[in-house]
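Text of start-v8.csv (CSV, C-alpha atoms and all ligand atoms) as supplied:
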```
chain,number,residue,atom,x,y,z
W,1,MET,CA,-4.5,-52.4,17.0
W,2,ALA,CA,-6.8,-51.7,14.1
W,3,ASN,CA,-6.4,-48.0,14.8
W,4,ARG,CA,-2.7,-48.2,14.8
W,5,THR,CA,-2.7,-50.1,11.5
W,6,GLN,CA,-5.0,-47.5,10.0
W,7,THR,CA,-2.7,-44.8,11.2
W,8,ILE,CA,0.3,-46.4,9.6
W,9,GLU,CA,-1.6,-46.9,6.4
W,10,ALA,CA,-2.8,-43.3,6.5
W,11,GLU,CA,0.7,-42.1,7.1
W,12,SER,CA,2.2,-44.1,4.3
W,13,GLN,CA,-0.6,-42.9,1.9
W,14,SER,CA,0.0,-39.3,2.8
W,15,GLN,CA,3.7,-39.8,2.2
W,16,ASP,CA,2.9,-41.3,-1.2
W,17,ALA,CA,0.5,-38.4,-1.9
W,18,ARG,CA,3.2,-35.9,-0.9
W,19,GLY,CA,5.5,-37.4,-3.6
W,20,GLU,CA,2.9,-37.2,-6.3
W,21,VAL,CA,3.9,-34.9,-9.2
W,22,LEU,CA,1.2,-32.4,-9.8
W,23,LEU,CA,2.9,-30.3,-12.4
W,24,SER,CA,5.3,-31.7,-14.9
W,25,VAL,CA,7.0,-29.6,-17.6
W,26,ARG,CA,9.2,-31.3,-20.2
W,27,ASP,CA,11.3,-29.8,-23.0
W,28,LEU,CA,9.4,-26.6,-22.9
W,29,THR,CA,10.3,-24.0,-25.5
W,30,VAL,CA,8.6,-20.5,-25.5
W,31,ALA,CA,9.6,-17.7,-27.9
W,32,PHE,CA,8.3,-14.4,-29.0
W,33,GLY,CA,9.1,-14.1,-32.7
W,34,ASP,CA,12.7,-15.1,-33.0
W,35,LYS,CA,13.4,-14.3,-29.3
W,36,VAL,CA,13.6,-17.5,-27.4
W,37,ILE,CA,12.8,-17.1,-23.8
W,38,LEU,CA,12.7,-20.7,-22.5
W,39,GLU,CA,14.3,-23.6,-24.2
W,40,ASP,CA,14.0,-27.3,-23.4
W,41,LEU,CA,13.0,-26.5,-19.9
W,42,ASP,CA,12.1,-29.3,-17.4
W,43,LEU,CA,10.4,-28.8,-14.0
W,44,ASP,CA,8.3,-30.8,-11.6
W,45,ILE,CA,6.2,-29.8,-8.6
W,46,ARG,CA,5.1,-32.4,-6.0
W,47,ARG,CA,2.1,-32.4,-3.8
W,48,GLY,CA,2.5,-30.6,-0.5
W,49,GLU,CA,5.7,-28.7,-1.3
W,50,ILE,CA,6.5,-25.0,-1.6
W,51,LEU,CA,8.7,-24.4,-4.6
W,52,GLY,CA,10.5,-21.1,-4.7
W,53,PHE,CA,11.2,-20.0,-8.2
W,54,VAL,CA,14.0,-17.5,-8.7
W,55,GLY,CA,16.2,-16.0,-11.4
W,56,ALA,CA,17.6,-12.8,-12.7
W,57,SER,CA,15.2,-10.1,-13.8
W,58,GLY,CA,14.0,-10.8,-17.3
W,59,ALA,CA,15.0,-14.5,-17.1
W,60,GLY,CA,11.5,-15.6,-18.0
W,61,LYS,CA,9.9,-16.5,-14.6
W,62,SER,CA,6.6,-14.8,-15.4
W,63,VAL,CA,6.6,-16.2,-19.0
W,64,LEU,CA,6.9,-19.7,-17.6
W,65,LEU,CA,4.2,-19.1,-15.1
W,66,ARG,CA,1.9,-17.7,-17.7
W,67,THR,CA,2.7,-20.5,-20.1
W,68,VAL,CA,1.8,-23.1,-17.4
W,69,LEU,CA,-1.5,-21.3,-16.8
W,70,GLY,CA,-2.2,-21.4,-20.6
W,71,LEU,CA,-2.0,-17.7,-21.0
W,72,ILE,CA,1.0,-17.9,-23.4
W,73,ARG,CA,1.4,-20.4,-26.2
W,74,LYS,CA,4.4,-22.7,-26.2
W,75,GLN,CA,6.4,-23.6,-29.2
W,76,SER,CA,7.1,-27.1,-28.1
W,77,GLY,CA,7.3,-29.5,-25.2
W,78,THR,CA,4.7,-30.8,-22.8
W,79,ILE,CA,2.9,-29.4,-19.7
W,80,GLU,CA,1.1,-31.9,-17.6
W,81,LEU,CA,-1.1,-30.9,-14.7
W,82,PHE,CA,-2.5,-33.6,-12.4
W,83,GLY,CA,-1.3,-36.2,-15.0
W,84,VAL,CA,-3.2,-34.6,-17.9
W,85,ASP,CA,-1.3,-33.2,-20.9
W,86,LEU,CA,-2.8,-29.8,-21.4
W,87,GLU,CA,-2.6,-30.1,-25.2
W,88,GLN,CA,-4.6,-33.3,-25.2
W,89,ALA,CA,-7.1,-32.2,-22.6
W,90,SER,CA,-10.8,-31.8,-23.6
W,91,GLU,CA,-12.5,-28.5,-22.8
W,92,GLU,CA,-14.2,-30.2,-19.8
W,93,GLU,CA,-10.9,-31.6,-18.5
W,94,ARG,CA,-9.3,-28.2,-18.9
W,95,LEU,CA,-12.1,-26.6,-16.9
W,96,ARG,CA,-11.7,-29.2,-14.2
W,97,ILE,CA,-7.9,-28.6,-14.1
W,98,ASP,CA,-8.4,-24.8,-14.0
W,99,MET,CA,-10.7,-25.1,-11.0
W,100,ARG,CA,-7.8,-26.9,-9.1
W,101,LEU,CA,-5.5,-24.0,-9.7
W,102,GLY,CA,-5.3,-20.8,-7.6
W,103,MET,CA,-3.5,-17.7,-8.7
W,104,LEU,CA,-2.2,-14.6,-6.9
W,105,PHE,CA,-0.9,-12.1,-9.4
W,106,GLN,CA,1.8,-9.6,-8.7
W,107,HIS,CA,0.6,-6.5,-6.8
W,108,GLY,CA,-2.4,-8.5,-5.5
W,109,ALA,CA,-4.6,-7.3,-8.4
W,110,LEU,CA,-7.9,-7.2,-6.7
W,111,PHE,CA,-10.8,-5.6,-8.5
W,112,SER,CA,-11.0,-2.1,-7.0
W,113,ALA,CA,-14.7,-1.6,-7.6
W,114,LEU,CA,-15.5,-4.8,-5.6
W,115,THR,CA,-15.4,-5.4,-1.9
W,116,VAL,CA,-13.1,-8.1,-0.5
W,117,LEU,CA,-16.1,-10.4,-0.1
W,118,GLU,CA,-17.0,-9.9,-3.8
W,119,ASN,CA,-13.4,-10.3,-4.9
W,120,VAL,CA,-13.2,-13.6,-3.1
W,121,GLN,CA,-16.4,-14.7,-4.8
W,122,VAL,CA,-15.2,-13.9,-8.4
W,123,PRO,CA,-13.9,-17.5,-9.0
W,124,MET,CA,-17.0,-19.0,-7.4
W,125,ARG,CA,-19.2,-17.0,-9.8
W,126,GLU,CA,-17.0,-18.0,-12.7
W,127,TYR,CA,-17.0,-21.7,-12.1
W,128,LEU,CA,-19.8,-22.6,-9.7
W,129,ASP,CA,-23.5,-22.0,-9.5
W,130,LEU,CA,-24.2,-21.5,-5.8
W,131,PRO,CA,-26.9,-19.6,-3.9
W,132,LYS,CA,-25.8,-16.2,-2.6
W,133,GLN,CA,-26.0,-17.2,1.0
W,134,LEU,CA,-23.7,-20.2,0.6
W,135,MET,CA,-21.2,-18.1,-1.4
W,136,ASP,CA,-21.2,-15.5,1.3
W,137,GLU,CA,-20.5,-18.2,3.9
W,138,LEU,CA,-17.8,-19.8,1.9
W,139,ALA,CA,-16.1,-16.4,1.2
W,140,MET,CA,-16.2,-15.5,4.9
W,141,LEU,CA,-14.5,-18.8,5.7
W,142,LYS,CA,-11.7,-18.0,3.2
W,143,ILE,CA,-11.4,-14.4,4.7
W,144,GLU,CA,-11.0,-15.9,8.1
W,145,LEU,CA,-8.6,-18.6,6.9
W,146,VAL,CA,-6.1,-15.9,5.7
W,147,GLY,CA,-6.3,-14.1,9.0
W,148,LEU,CA,-8.3,-11.1,8.0
W,149,PRO,CA,-10.9,-9.7,10.4
W,150,PRO,CA,-14.5,-10.3,9.5
W,151,ASP,CA,-15.1,-6.5,8.9
W,152,ALA,CA,-12.5,-6.6,6.1
W,153,ALA,CA,-15.1,-8.4,4.0
W,154,ARG,CA,-17.2,-5.3,3.3
W,155,LYS,CA,-14.1,-3.1,2.6
W,156,PHE,CA,-12.8,-2.0,-0.8
W,157,PRO,CA,-9.2,-2.7,-1.7
W,158,SER,CA,-8.4,1.1,-1.4
W,159,GLU,CA,-9.3,0.8,2.3
W,160,LEU,CA,-6.8,-2.0,3.0
W,161,SER,CA,-3.1,-2.0,3.9
W,162,GLY,CA,-0.6,-3.7,1.5
W,163,GLY,CA,-0.5,-6.8,3.8
W,164,MET,CA,-4.3,-7.0,3.9
W,165,ILE,CA,-4.5,-6.8,0.1
W,166,LYS,CA,-2.1,-9.7,-0.2
W,167,ARG,CA,-4.2,-11.7,2.2
W,168,ALA,CA,-7.4,-10.9,0.4
W,169,ALA,CA,-5.8,-11.9,-2.9
W,170,LEU,CA,-4.7,-15.1,-1.3
W,171,ALA,CA,-8.3,-15.7,0.0
W,172,ARG,CA,-9.5,-15.2,-3.6
W,173,ALA,CA,-6.8,-17.6,-4.9
W,174,LEU,CA,-8.1,-20.2,-2.4
W,175,ALA,CA,-11.8,-19.6,-3.2
W,176,LEU,CA,-12.2,-23.0,-5.0
W,177,ASP,CA,-10.0,-25.0,-2.6
W,178,PRO,CA,-7.3,-25.4,-5.2
W,179,ASP,CA,-4.6,-28.1,-5.1
W,180,ILE,CA,-1.9,-25.7,-6.3
W,181,VAL,CA,-1.6,-22.0,-5.8
W,182,PHE,CA,0.7,-19.9,-8.0
W,183,LEU,CA,2.0,-16.9,-6.2
W,184,ASP,CA,3.8,-14.2,-8.3
W,185,GLU,CA,6.1,-12.2,-6.0
W,186,PRO,CA,3.6,-12.4,-3.1
W,187,THR,CA,5.7,-10.5,-0.6
W,188,SER,CA,6.9,-7.7,-2.9
W,189,GLY,CA,5.9,-4.3,-1.5
W,190,LEU,CA,5.4,-5.6,2.0
W,191,ASP,CA,7.6,-4.5,5.0
W,192,PRO,CA,9.8,-7.3,6.5
W,193,ILE,CA,7.3,-8.1,9.2
W,194,GLY,CA,4.3,-8.2,6.9
W,195,ALA,CA,6.3,-10.4,4.5
W,196,ALA,CA,7.3,-12.8,7.3
W,197,GLU,CA,3.7,-13.1,8.4
W,198,PHE,CA,2.6,-13.8,4.9
W,199,ASP,CA,5.3,-16.5,4.5
W,200,GLU,CA,4.2,-18.0,7.8
W,201,LEU,CA,0.6,-18.1,6.6
W,202,VAL,CA,1.6,-19.9,3.4
W,203,GLY,CA,3.7,-22.4,5.4
W,204,LYS,CA,0.7,-23.1,7.7
W,205,MET,CA,-1.5,-23.8,4.7
W,206,ARG,CA,1.0,-26.3,3.4
W,207,ASP,CA,1.2,-28.0,6.8
W,208,THR,CA,-2.5,-28.0,7.6
W,209,MET,CA,-4.2,-28.3,4.2
W,210,GLY,CA,-1.4,-30.0,2.2
W,211,LEU,CA,-1.4,-27.0,-0.1
W,212,THR,CA,1.1,-27.1,-3.0
W,213,VAL,CA,2.7,-23.7,-3.7
W,214,TYR,CA,4.6,-22.4,-6.8
W,215,MET,CA,6.1,-19.2,-5.6
W,216,VAL,CA,8.0,-16.8,-7.9
W,217,THR,CA,10.0,-14.6,-5.6
W,218,HIS,CA,13.0,-12.4,-5.2
W,219,ASP,CA,12.6,-12.5,-1.4
W,220,LEU,CA,15.5,-14.3,0.2
W,221,ASP,CA,13.7,-14.4,3.5
W,222,SER,CA,10.9,-16.4,1.9
W,223,LEU,CA,13.4,-18.8,0.3
W,224,PHE,CA,15.1,-19.4,3.6
W,225,SER,CA,12.1,-19.6,5.8
W,226,VAL,CA,9.3,-21.3,4.0
W,227,CYS,CA,10.4,-22.9,0.7
W,228,ASP,CA,11.0,-26.7,0.6
W,229,ARG,CA,12.7,-26.5,-2.7
W,230,VAL,CA,14.2,-23.9,-4.9
W,231,ALA,CA,14.4,-23.8,-8.7
W,232,VAL,CA,16.7,-21.3,-10.4
W,233,LEU,CA,15.9,-20.1,-13.9
W,234,GLY,CA,18.8,-19.0,-16.1
W,235,ASN,CA,20.1,-19.6,-19.7
W,236,LYS,CA,16.5,-20.3,-20.7
W,237,LYS,CA,16.1,-23.3,-18.4
W,238,VAL,CA,16.1,-24.5,-14.8
W,239,LEU,CA,19.8,-24.1,-14.0
W,240,VAL,CA,19.8,-25.6,-10.6
W,241,GLU,CA,17.1,-27.0,-8.3
W,242,GLY,CA,17.2,-28.4,-4.8
W,243,THR,CA,17.0,-27.4,-1.1
W,244,ILE,CA,18.3,-24.2,0.2
W,245,GLU,CA,21.3,-26.2,1.4
W,246,ASP,CA,21.9,-27.3,-2.2
W,247,MET,CA,21.8,-23.6,-3.3
W,248,LEU,CA,24.3,-22.7,-0.6
W,249,LYS,CA,26.7,-25.4,-2.0
W,250,SER,CA,26.2,-24.6,-5.6
W,251,GLU,CA,29.2,-23.3,-7.6
W,252,GLU,CA,27.0,-21.9,-10.4
W,253,PRO,CA,28.0,-18.2,-10.5
W,254,TRP,CA,24.6,-16.6,-10.4
W,255,VAL,CA,23.4,-19.0,-7.7
W,256,ARG,CA,26.6,-18.4,-5.8
W,257,SER,CA,26.3,-14.6,-5.8
W,258,TYR,CA,22.5,-14.7,-5.0
W,259,PHE,CA,22.6,-17.2,-2.2
W,260,ARG,CA,26.0,-16.4,-0.8
W,261,GLY,CA,25.9,-12.6,-1.0
W,262,LYS,CA,26.1,-10.7,2.3
W,263,ARG,CA,22.4,-10.6,2.9
W,264,ALA,CA,22.0,-14.3,2.2
W,265,ARG,CA,24.8,-15.1,4.6
W,266,GLN,CA,23.1,-13.1,7.4
W,267,LEU,CA,19.8,-15.0,6.8
W,268,ASP,CA,21.6,-18.3,6.8
W,269,LEU,CA,23.3,-17.5,10.1
W,270,ALA,CA,20.0,-16.4,11.5
W,271,ALA,CA,18.3,-19.6,10.3
W,272,ARG,CA,20.9,-21.7,12.0
W,273,ALA,CA,21.0,-19.7,15.3
W,301,LIG,N1,4.2,-10.8,-24.5
W,301,LIG,C1,5.5,-10.6,-24.7
W,301,LIG,N2,6.0,-10.3,-25.9
W,301,LIG,C2,7.3,-10.2,-26.1
W,301,LIG,N3,8.3,-10.4,-25.2
W,301,LIG,C3,7.9,-10.7,-23.9
W,301,LIG,C4,6.5,-10.8,-23.6
W,301,LIG,N4,6.4,-11.2,-22.3
W,301,LIG,C5,7.6,-11.2,-21.8
W,301,LIG,N5,8.5,-10.9,-22.8
W,301,LIG,C6,10.0,-10.9,-22.7
W,301,LIG,O1,10.3,-12.2,-22.1
W,301,LIG,C7,11.5,-12.0,-21.2
W,301,LIG,C8,11.2,-12.6,-19.9
W,301,LIG,O2,10.2,-11.8,-19.2
W,301,LIG,P1,9.6,-12.2,-17.8
W,301,LIG,O3,8.6,-11.1,-17.4
W,301,LIG,O4,9.2,-13.6,-17.8
W,301,LIG,O5,10.9,-12.1,-16.8
W,301,LIG,P2,11.0,-12.3,-15.2
W,301,LIG,O6,12.0,-13.4,-15.0
W,301,LIG,O7,9.6,-12.6,-14.7
W,301,LIG,O8,11.5,-10.9,-14.7
W,301,LIG,P3,11.2,-10.1,-13.4
W,301,LIG,O9,11.9,-10.8,-12.3
W,301,LIG,O10,11.8,-8.8,-13.7
W,301,LIG,O11,9.7,-10.0,-13.2
W,301,LIG,C9,11.8,-10.5,-21.2
W,301,LIG,O12,12.8,-10.2,-22.1
W,301,LIG,C10,10.5,-9.9,-21.7
W,301,LIG,O13,10.7,-8.7,-22.4
```

Please express what this file holds, its structure, as C-alpha cells.
Amino acid sequence: MANRTQTIEAESQSQDARGEVLLSVRDLTVAFGDKVILEDLDLDIRRGEILGFVGASGAGKSVLLRTVLGLIRKQSGTIELFGVDLEQASEEERLRIDMRLGMLFQHGALFSALTVLENVQVPMREYLDLPKQLMDELAMLKIELVGLPPDAARKFPSELSGGMIKRAALARALALDPDIVFLDEPTSGLDPIGAAEFDELVGKMRDTMGLTVYMVTHDLDSLFSVCDRVAVLGNKKVLVEGTIEDMLKSEEPWVRSYFRGKRARQLDLAARA
C-alpha cells in the first residue's frame, strides 16, 4: 500500500514537474540599429516538452535563440530561465544557469582539430574541474547515449558522416546533463532516414531523461513526429502556438500554407494511418 501511495505521489510530482516553466520570455524586443527584429514577444517552455520553433526565413528565429542564450543584447523585456531573471542574475547564478543549458548549433559546429571525445569534453573543461579519467568515462557515456559506436570517440569530425556529426554534437550538448537543450536546425543536411533517426533519439531522451528541447526547425517531419508543441514566429512575435492539431486548424495565412501545403498533408495522412 505504501508503495502504491509513493507511486501515486511520484506520478503527481512528475506531472507537476512536467508543467514547470523553465524558460519564460515576456515583452521581448530586439533591434539592430533601427531595424526591429522582435517586438513584445512572449514565449514559455515547460519541463519535459519538445517545442518546435518555426517561421519564415529571416523572421528572427536565430536572433531569438541567441538572445535567450545571452549572445545578443535585448532592447527591453524579460527573459527568465529556471525562474531567474537573467538581467538580475549574479555572475555565479548566471554560470549555474549556463551549465543547465545545452546547445547544438546549426551544421553541428564541432571543433575540427579535436576528436569526438575531446569535443564532448569541451563543456566539461570549461565548467568543471575533473580528473582526465573521469572525463573520459563521462564522455564515453554520452557518446554511447547518442548511439555512436565506441570507436567514434577517437575519430575527427572529417571522418564522420553527417548523421554521426549531429549525434556527436548532441553528445557535446548533453555533456553537463542540461535541463534544456537548444537545437538549431538539427536535421538540416541529413537524409530523411538520418533525420528520422535523429528525431527518434531526441524523443527518446525526452521520454527517458525528461529532457526539455527547444528546436528551431524547417523540418515538417520533425514537427509532426516528435514535437509536443509548435510556436510560429512572424510579424516580430509568436504568431500562433499549440499542438500540431492546432496548427492544422489555424487560419493564419503563413501557418495555413506551411502546415496545409501538399507535403504537410502527406505527412498528416501518414501520421494518422
Ligand atoms: N548581428 C546582426 N546584425 C544585424 N542584423 C542581423 C544580425 N543578426 C541577424 N540579423 C537580421 O535579423 C533578421 C532575422 O535573422 P535570423 O537569422 O534570426 O532569421 P531566421 O528566422 O533564423 O532565418 P533562417 O530560417 O533563414 O535561419 C534578418 O533580417 C537578419 O539579417

Nearest residue to ligand LIG 301 (chain W) from the set W:Leu211, W:Leu248, W:Val216, W:Val21 (distances using only C-alpha atoms and all ligand atoms):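 Residue with the minimum atom-to-atom distance to ligand LIG 301 (chain W): W:Val216.
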
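Picture a line from CA of Ala89 in chain W to CA of Glu39 in chain W; it runs 23.1 Å.
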
Would you work out the distance separating CA of Leu128 in chain W from CA of Gly83 in chain W, expressed in Å to one decimal? 23.6 Å

At a cut-off of 7 Å, using only C-alpha atoms, what residues contact Leu104 in chain W? Leave out same-chain residues fewer than 2 positions from it and give the result as a ChimeraX atom specification. /W:102,106,108,169-170,173,182-184

Could you turn the residues from that selection into a file that holds C-alpha atoms, as a PDB file, in the frame of the given file?
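Saved the output as out-v5.pdb:
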```pdb
ATOM      1  CA  GLY W 102      -5.300 -20.800  -7.600  1.00  0.00           C
ATOM      2  CA  GLN W 106       1.800  -9.600  -8.700  1.00  0.00           C
ATOM      3  CA  GLY W 108      -2.400  -8.500  -5.500  1.00  0.00           C
ATOM      4  CA  ALA W 169      -5.800 -11.900  -2.900  1.00  0.00           C
ATOM      5  CA  LEU W 170      -4.700 -15.100  -1.300  1.00  0.00           C
ATOM      6  CA  ALA W 173      -6.800 -17.600  -4.900  1.00  0.00           C
ATOM      7  CA  PHE W 182       0.700 -19.900  -8.000  1.00  0.00           C
ATOM      8  CA  LEU W 183       2.000 -16.900  -6.200  1.00  0.00           C
ATOM      9  CA  ASP W 184       3.800 -14.200  -8.300  1.00  0.00           C
TER      10      ASP W 184
END
```

Proximity of chain W to ligand LIG 301 (chain W): per-residue shortest pair, 9 Å limit, only C-alpha atoms and all ligand atoms, as CSV:
```
residue,atom,partner,partner_atom,distance
W:Ala31,CA,W:LIG301,N3,7.9
W:Phe32,CA,W:LIG301,C2,5.2
W:Gly33,CA,W:LIG301,C2,7.9
W:Lys35,CA,W:LIG301,N3,7.6
W:Val36,CA,W:LIG301,O1,8.2
W:Ile37,CA,W:LIG301,O1,5.8
W:Leu38,CA,W:LIG301,C8,8.6
W:Val54,CA,W:LIG301,O6,7.8
W:Gly55,CA,W:LIG301,O6,6.1
W:Ala56,CA,W:LIG301,O9,6.1
W:Ser57,CA,W:LIG301,O10,3.6
W:Gly58,CA,W:LIG301,O5,3.4
W:Ala59,CA,W:LIG301,O6,3.8
W:Gly60,CA,W:LIG301,O4,3.1
W:Lys61,CA,W:LIG301,O6,3.8
W:Ser62,CA,W:LIG301,O4,3.7
W:Val63,CA,W:LIG301,O4,3.9
W:Leu64,CA,W:LIG301,O4,6.5
W:Leu65,CA,W:LIG301,O4,7.9
W:Arg66,CA,W:LIG301,O4,8.4
W:Ile72,CA,W:LIG301,N1,7.9
W:Asp184,CA,W:LIG301,O11,8.7
W:Glu185,CA,W:LIG301,O11,8.3
W:Val216,CA,W:LIG301,O7,8.2
W:Thr217,CA,W:LIG301,O9,7.9
W:His218,CA,W:LIG301,O9,7.4
W:Leu233,CA,W:LIG301,O6,7.8
W:Gly234,CA,W:LIG301,O6,8.9
```

Smallest atom-to-atom distance to Leu160 in chain W: which of W:Met140, W:Leu110, W:Ile50, W:Val68, using all atoms listed in the file?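 Among W:Met140, W:Leu110, W:Ile50, W:Val68, it is W:Leu110 that comes nearest to Leu160 in chain W.
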
From the set W:Asp40, W:Met164, W:Ser112, W:Asp191, which residue has the shortest atom-to-atom contact distance to Asp151 in chain W, counting only C-alpha atoms?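 Result for the nearest residue to Asp151 in chain W: W:Met164.
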
I'd like the neighbourhood of Lys204 in chain W as a VMD selection string, where a residue qualifies if any of its atoms comes within 12 Å (using all atoms listed in the file), though same-chain residues fewer than 6 positions away should be ignored. chain W and resid 48 to 50 145 to 147 197 to 198 210 to 213 226 to 227

Just to confirm, what's the straight-line distance from CA of Val240 in chain W to CA of Glu252 in chain W in Å (one decimal)? 8.1 Å

From the set W:Gly52, W:Arg73, W:Arg256, W:Ile180, which residue has the shortest atom-to-atom contact distance to Asp199 in chain W, counting only C-alpha atoms? W:Gly52

Considering all atoms listed in the file, can you say which of W:Phe156, W:Tyr258, W:Tyr127, W:Phe82 comes closest to Phe111 in chain W? W:Phe156

Compile the contact shell of Asp42 in chain W as a PDB file with C-alpha atoms, in the coordinates of the input: residues with an atom at most 6 Å away, counting all atoms listed in the file, same-chain residues fewer than 2 positions apart removed.
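Generated file (out01.pdb):
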```pdb
ATOM      1  CA  VAL W  25       7.000 -29.600 -17.600  1.00  0.00           C
ATOM      2  CA  ARG W  26       9.200 -31.300 -20.200  1.00  0.00           C
ATOM      3  CA  ASP W  27      11.300 -29.800 -23.000  1.00  0.00           C
TER       4      ASP W  27
END
```
